[in-house]
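Enquirer: Just dropping this structure here.
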Amino acid sequence: GAGVSQSPSNKVTEKGKDVELRCDPISGHTALYWYRQSLGQGLEFLIYFQGNSAPDKSGLPSDRFSAERTGGSVSTLTIQRTQQEDSAVYLCASSLVRHYEQYFGPGTRLTVT
Amino acid sequence: AQKVTQAQTEISVVEKEDVTLDCVYETRDTTYYLFWYKQPPSGELVFLIRRNSFDEQNEISGRYSWNFQKSTSSFNFTITASQVVDSAVYFCALSEVSGGGADGLTFGKGTHLIIQP
């Protein structure tokens, strides 16, 4: 079956602009996760959705970051007023339920110039 | 707070050698899960194994095997008769079930494994 898909695969944006990153999880997976991978910080957990709700948003790096999930499926991660330190690969993963194995998408490489 | 340590930043071996990747974790939770993921040069993280804290049985899958020891808080990964296609970055990760930990996976920094032909 289809895996996790993410779009765009690459995004170059100017500092100060807003960006939206999209994640389409595996069909039937109720849990969805966002992570960020950068050379300096490794793999960082950002936010988790169970269905459409995110119980804990404390992993988001700043209040410029927000995420939503609609219809228990597609999720969007929005970064407002992007900064150069936001440059990273943003990974989305989904699992059948929480604590089960997570399957990752190919990621969106974000470059802020 | 939970933590995963992969002390080996990079390992280089010649093809057909056996290699063990170390993973040590810290958690206050009594119920947790441990994972290994592979990230080949293409970049996509590939799931390898998930283990719960109540199951200390070692697992073997083809050339891969995992040794889970709660007494030393370790979950090591061994590749037998390594092949060039095993070259990748390998991540160990932890997920706590309760105790107020993060809802997602806590990853180690990864071990870059290079298999030379």
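Following the order of the structure tokens, first chain is A, next is B, and so on, with residues numbered from 1 inside each chain and ligands from 1 in the order they appear.
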Could you pull the residues within 7 Å of Thr78 of chain B, counting only C-alpha atoms, minus those fewer than 5 positions along the same chain, as a CSV table (one decimal) with all heavy atoms, in the first residue's frame?
Expert:
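Below is the file selection23.csv, written as the result:
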chain,number,residue,atom,x,y,z
B,19,VAL,N,29.2,-6.7,12.9
B,19,VAL,CA,29.4,-5.4,13.6
B,19,VAL,C,28.2,-5.2,14.6
B,19,VAL,O,27.1,-5.6,14.3
B,19,VAL,CB,29.4,-4.2,12.5
B,19,VAL,CG1,28.2,-4.2,11.6
B,19,VAL,CG2,29.6,-2.9,13.2
B,20,THR,N,28.5,-4.6,15.7
B,20,THR,CA,27.5,-4.3,16.7
B,20,THR,C,27.4,-2.8,17.0
B,20,THR,O,28.4,-2.2,17.2
B,20,THR,CB,27.8,-5.0,18.0
B,20,THR,OG1,27.8,-6.5,17.8
B,20,THR,CG2,26.8,-4.7,19.1
B,21,LEU,N,26.2,-2.3,16.9
B,21,LEU,CA,25.9,-0.9,17.2
B,21,LEU,C,25.3,-0.8,18.6
B,21,LEU,O,24.3,-1.5,18.9
B,21,LEU,CB,24.9,-0.4,16.1
B,21,LEU,CG,25.2,-0.6,14.7
B,21,LEU,CD1,24.2,0.0,13.8
B,21,LEU,CD2,26.6,-0.1,14.4
B,64,TYR,N,20.3,-9.8,10.9
B,64,TYR,CA,20.1,-8.8,12.0
B,64,TYR,C,19.7,-9.5,13.3
B,64,TYR,O,18.9,-10.4,13.3
B,64,TYR,CB,19.0,-7.8,11.7
B,64,TYR,CG,19.3,-6.9,10.5
B,64,TYR,CD1,18.3,-6.0,10.0
B,64,TYR,CD2,20.5,-6.8,9.8
B,64,TYR,CE1,18.4,-5.2,8.9
B,64,TYR,CE2,20.7,-6.0,8.7
B,64,TYR,CZ,19.7,-5.2,8.3
B,64,TYR,OH,19.9,-4.3,7.2
B,65,SER,N,20.3,-9.0,14.4
B,65,SER,CA,19.9,-9.5,15.7
B,65,SER,C,19.9,-8.3,16.7
B,65,SER,O,20.7,-7.4,16.5
B,65,SER,CB,20.7,-10.7,16.2
B,65,SER,OG,22.1,-10.3,16.3
B,66,TRP,N,19.1,-8.5,17.7
B,66,TRP,CA,19.0,-7.4,18.7
B,66,TRP,C,19.1,-8.0,20.1
B,66,TRP,O,18.5,-9.1,20.4
B,66,TRP,CB,17.7,-6.7,18.6
B,66,TRP,CG,17.6,-5.8,17.4
B,66,TRP,CD1,18.0,-4.5,17.3
B,66,TRP,CD2,17.2,-6.2,16.1
B,66,TRP,NE1,17.8,-4.1,16.0
B,66,TRP,CE2,17.3,-5.1,15.2
B,66,TRP,CE3,16.6,-7.4,15.6
B,66,TRP,CZ2,16.9,-5.1,13.9
B,66,TRP,CZ3,16.3,-7.5,14.2
B,66,TRP,CH2,16.4,-6.3,13.4
Enquirer: So that each row is one residue of chain A with an atom at most 8 Å from chain B, can you give its shortest atom pair and the distance in Å to one decimal, using only C-alpha atoms, rows by chain and rising number, as a tab-separated table?
Expert:
residue	atom	partner	partner_atom	distance
A:Tyr33	CA	B:Gly104	CA	6.9
A:Gly42	CA	B:Lys109	CA	5.8
A:Leu43	CA	B:Phe107	CA	6.2
A:Glu44	CA	B:Thr106	CA	7.4
A:Phe45	CA	B:Gly104	CA	5.8
A:Leu46	CA	B:Gly104	CA	7.9
A:Ile47	CA	B:Gly104	CA	7.3
A:Tyr48	CA	B:Asp103	CA	6.2
A:Asp56	CA	B:Asp103	CA	7.6
A:Gly59	CA	B:Ala102	CA	7.7
A:His99	CA	B:Ser95	CA	6.7
A:Tyr100	CA	B:Arg50	CA	7.8
A:Glu101	CA	B:Arg50	CA	6.4
A:Gln102	CA	B:Phe47	CA	7.2
A:Tyr103	CA	B:Phe47	CA	6.6
A:Phe104	CA	B:Leu45	CA	5.9
A:Gly105	CA	B:Glu44	CA	6.7
A:Pro106	CA	B:Glu44	CA	5.0
A:Gly107	CA	B:Glu44	CA	7.5
Enquirer: Env of Thr108 of chain A: 8 Å cut, atoms = only C-alpha atoms, seq-sep filter 5 positions within chain, self excluded. Answer as a list in words.
Expert: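 Once the adjacent positions are removed, what remains is Gln6, Ser7, Pro8, Ser9, Asn10, Lys11, Leu21, Val89, Tyr90 and Leu91 of chain A.
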Enquirer: Find, counting only C-alpha atoms, the residue in A:Arg22, A:Arg109, A:Gln37, A:Ser95 that gets nearest to Glu68 of chain A.
Expert: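 The closest residue to Glu68 of chain A is A:Arg22.
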Enquirer: At what distance in Å, to one decimal, does atom CA of Ala31 of chain A lie from atom CA of Ala54 of chain A?
Expert: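 Interatomic distance, atom CA of Ala54 of chain A to atom CA of Ala31 of chain A: 9.8 Å.
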Enquirer: Within segment 1-116 of chain B, find each residue whose DSSP state, derived from the backbone, is strand (DSSP E), and express the selection as a PyMOL selection string.
Expert: chain B and resi 3-5+10-14+19-21+24-26+32-39+46-52+59-61+64-69+74-79+88-96+106-107+111-116
Enquirer: Go ahead and dump the residues you just picked, C-alpha atoms, as a short mmCIF file (atom, residue, chain, number, x, y, z; two decimals), in the first residue's frame.
Expert:
data_model
loop_
_atom_site.label_atom_id
_atom_site.label_comp_id
_atom_site.auth_asym_id
_atom_site.auth_seq_id
_atom_site.Cartn_x
_atom_site.Cartn_y
_atom_site.Cartn_z
CA LYS B 3 17.56 9.96 26.79
CA VAL B 4 19.15 7.68 24.20
CA THR B 5 22.89 7.48 23.76
CA GLU B 10 30.93 6.22 12.97
CA ILE B 11 31.97 2.63 12.41
CA SER B 12 33.81 1.35 9.36
CA VAL B 13 34.22 -2.36 8.66
CA VAL B 14 35.08 -4.53 5.71
CA VAL B 19 29.37 -5.38 13.57
CA THR B 20 27.51 -4.32 16.72
CA LEU B 21 25.89 -0.94 17.19
CA VAL B 24 22.01 2.87 25.92
CA TYR B 25 18.83 4.50 27.15
CA GLU B 26 17.58 6.32 30.22
CA TYR B 32 8.39 1.83 27.28
CA TYR B 33 9.27 0.81 23.76
CA LEU B 34 12.60 0.70 22.01
CA PHE B 35 13.14 0.99 18.28
CA TRP B 36 15.83 0.83 15.65
CA TYR B 37 15.62 2.72 12.37
CA LYS B 38 17.89 2.72 9.33
CA GLN B 39 18.50 5.85 7.26
CA VAL B 46 13.20 2.70 7.58
CA PHE B 47 11.70 0.87 10.55
CA LEU B 48 13.67 -2.19 11.68
CA ILE B 49 12.35 -3.32 15.06
CA ARG B 50 10.15 -2.40 18.03
CA ARG B 51 10.57 -3.94 21.46
CA ASN B 52 8.54 -3.42 24.62
CA GLU B 59 15.37 -11.23 18.35
CA ILE B 60 16.91 -12.41 15.12
CA SER B 61 15.79 -11.45 11.65
CA TYR B 64 20.12 -8.78 11.99
CA SER B 65 19.86 -9.48 15.69
CA TRP B 66 19.03 -7.41 18.72
CA ASN B 67 20.10 -7.84 22.33
CA PHE B 68 17.90 -6.13 24.94
CA GLN B 69 19.22 -6.02 28.50
CA SER B 74 20.97 -1.36 26.55
CA PHE B 75 19.44 -2.39 23.27
CA ASN B 76 22.28 -3.34 20.94
CA PHE B 77 22.02 -4.22 17.27
CA THR B 78 24.28 -6.70 15.50
CA ILE B 79 24.65 -7.21 11.78
CA ALA B 88 23.58 3.76 6.45
CA VAL B 89 22.98 5.78 9.57
CA TYR B 90 21.26 3.72 12.24
CA PHE B 91 19.14 5.31 14.94
CA CYS B 92 18.03 3.88 18.24
CA ALA B 93 14.88 5.43 19.74
CA LEU B 94 12.75 5.30 22.88
CA SER B 95 9.04 5.86 23.47
CA GLU B 96 7.69 6.15 27.00
CA THR B 106 13.38 10.22 21.50
CA PHE B 107 16.22 9.42 19.13
CA THR B 111 25.73 5.69 14.20
CA HIS B 112 27.06 6.05 10.68
CA LEU B 113 27.95 2.57 9.50
CA ILE B 114 30.28 2.25 6.52
CA ILE B 115 30.75 -1.15 4.95
CA GLN B 116 33.74 -1.25 2.66
#
Enquirer: Quick one: residues within 8 Å of Gln83 of chain B, only C-alpha atoms, excluding same-chain residues fewer than 6 positions away - as a ChimeraX atom specification?
Expert: /B:15-16,115,117
Enquirer: Let's have the selection written as a PDB file, in the first residue's frame, with N, CA, C and O atoms.
Expert:
ATOM      1  N   GLU B  15      33.424  -5.574   4.353  1.00  0.00           N
ATOM      2  CA  GLU B  15      32.297  -6.464   4.054  1.00  0.00           C
ATOM      3  C   GLU B  15      32.546  -7.867   4.616  1.00  0.00           C
ATOM      4  O   GLU B  15      33.668  -8.361   4.617  1.00  0.00           O
ATOM      5  N   LYS B  16      31.474  -8.462   5.113  1.00  0.00           N
ATOM      6  CA  LYS B  16      31.423  -9.809   5.687  1.00  0.00           C
ATOM      7  C   LYS B  16      31.819  -9.841   7.158  1.00  0.00           C
ATOM      8  O   LYS B  16      31.650 -10.880   7.798  1.00  0.00           O
ATOM      9  N   ILE B 115      30.294   0.189   5.291  1.00  0.00           N
ATOM     10  CA  ILE B 115      30.753  -1.152   4.949  1.00  0.00           C
ATOM     11  C   ILE B 115      31.592  -1.034   3.684  1.00  0.00           C
ATOM     12  O   ILE B 115      31.092  -0.665   2.616  1.00  0.00           O
ATOM     13  N   PRO B 117      33.794  -2.496   0.599  1.00  0.00           N
ATOM     14  CA  PRO B 117      33.845  -3.746  -0.186  1.00  0.00           C
ATOM     15  C   PRO B 117      35.223  -4.410  -0.128  1.00  0.00           C
ATOM     16  O   PRO B 117      36.208  -3.786   0.249  1.00  0.00           O
TER      17      PRO B 117
END
Enquirer: Report as a list in words all protein, DNA and RNA residues lying within 8 Å of Ser87 of chain A, evaluated on only C-alpha atoms, omitting residues in the same chain fewer than 2 positions from it.
Expert: Ser38, Gln83, Gln84, Glu85, Val89, Arg109, Leu110, Thr111 and Val112 of chain A
Enquirer: Between A:Ser94, A:Ser66, A:Ser5, A:Thr78, which residue has the minimum interatomic distance to Gln50 of chain A, considering only C-alpha atoms?
Expert: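 Among the listed residues, the smallest separation from Gln50 of chain A belongs to A:Ser94.
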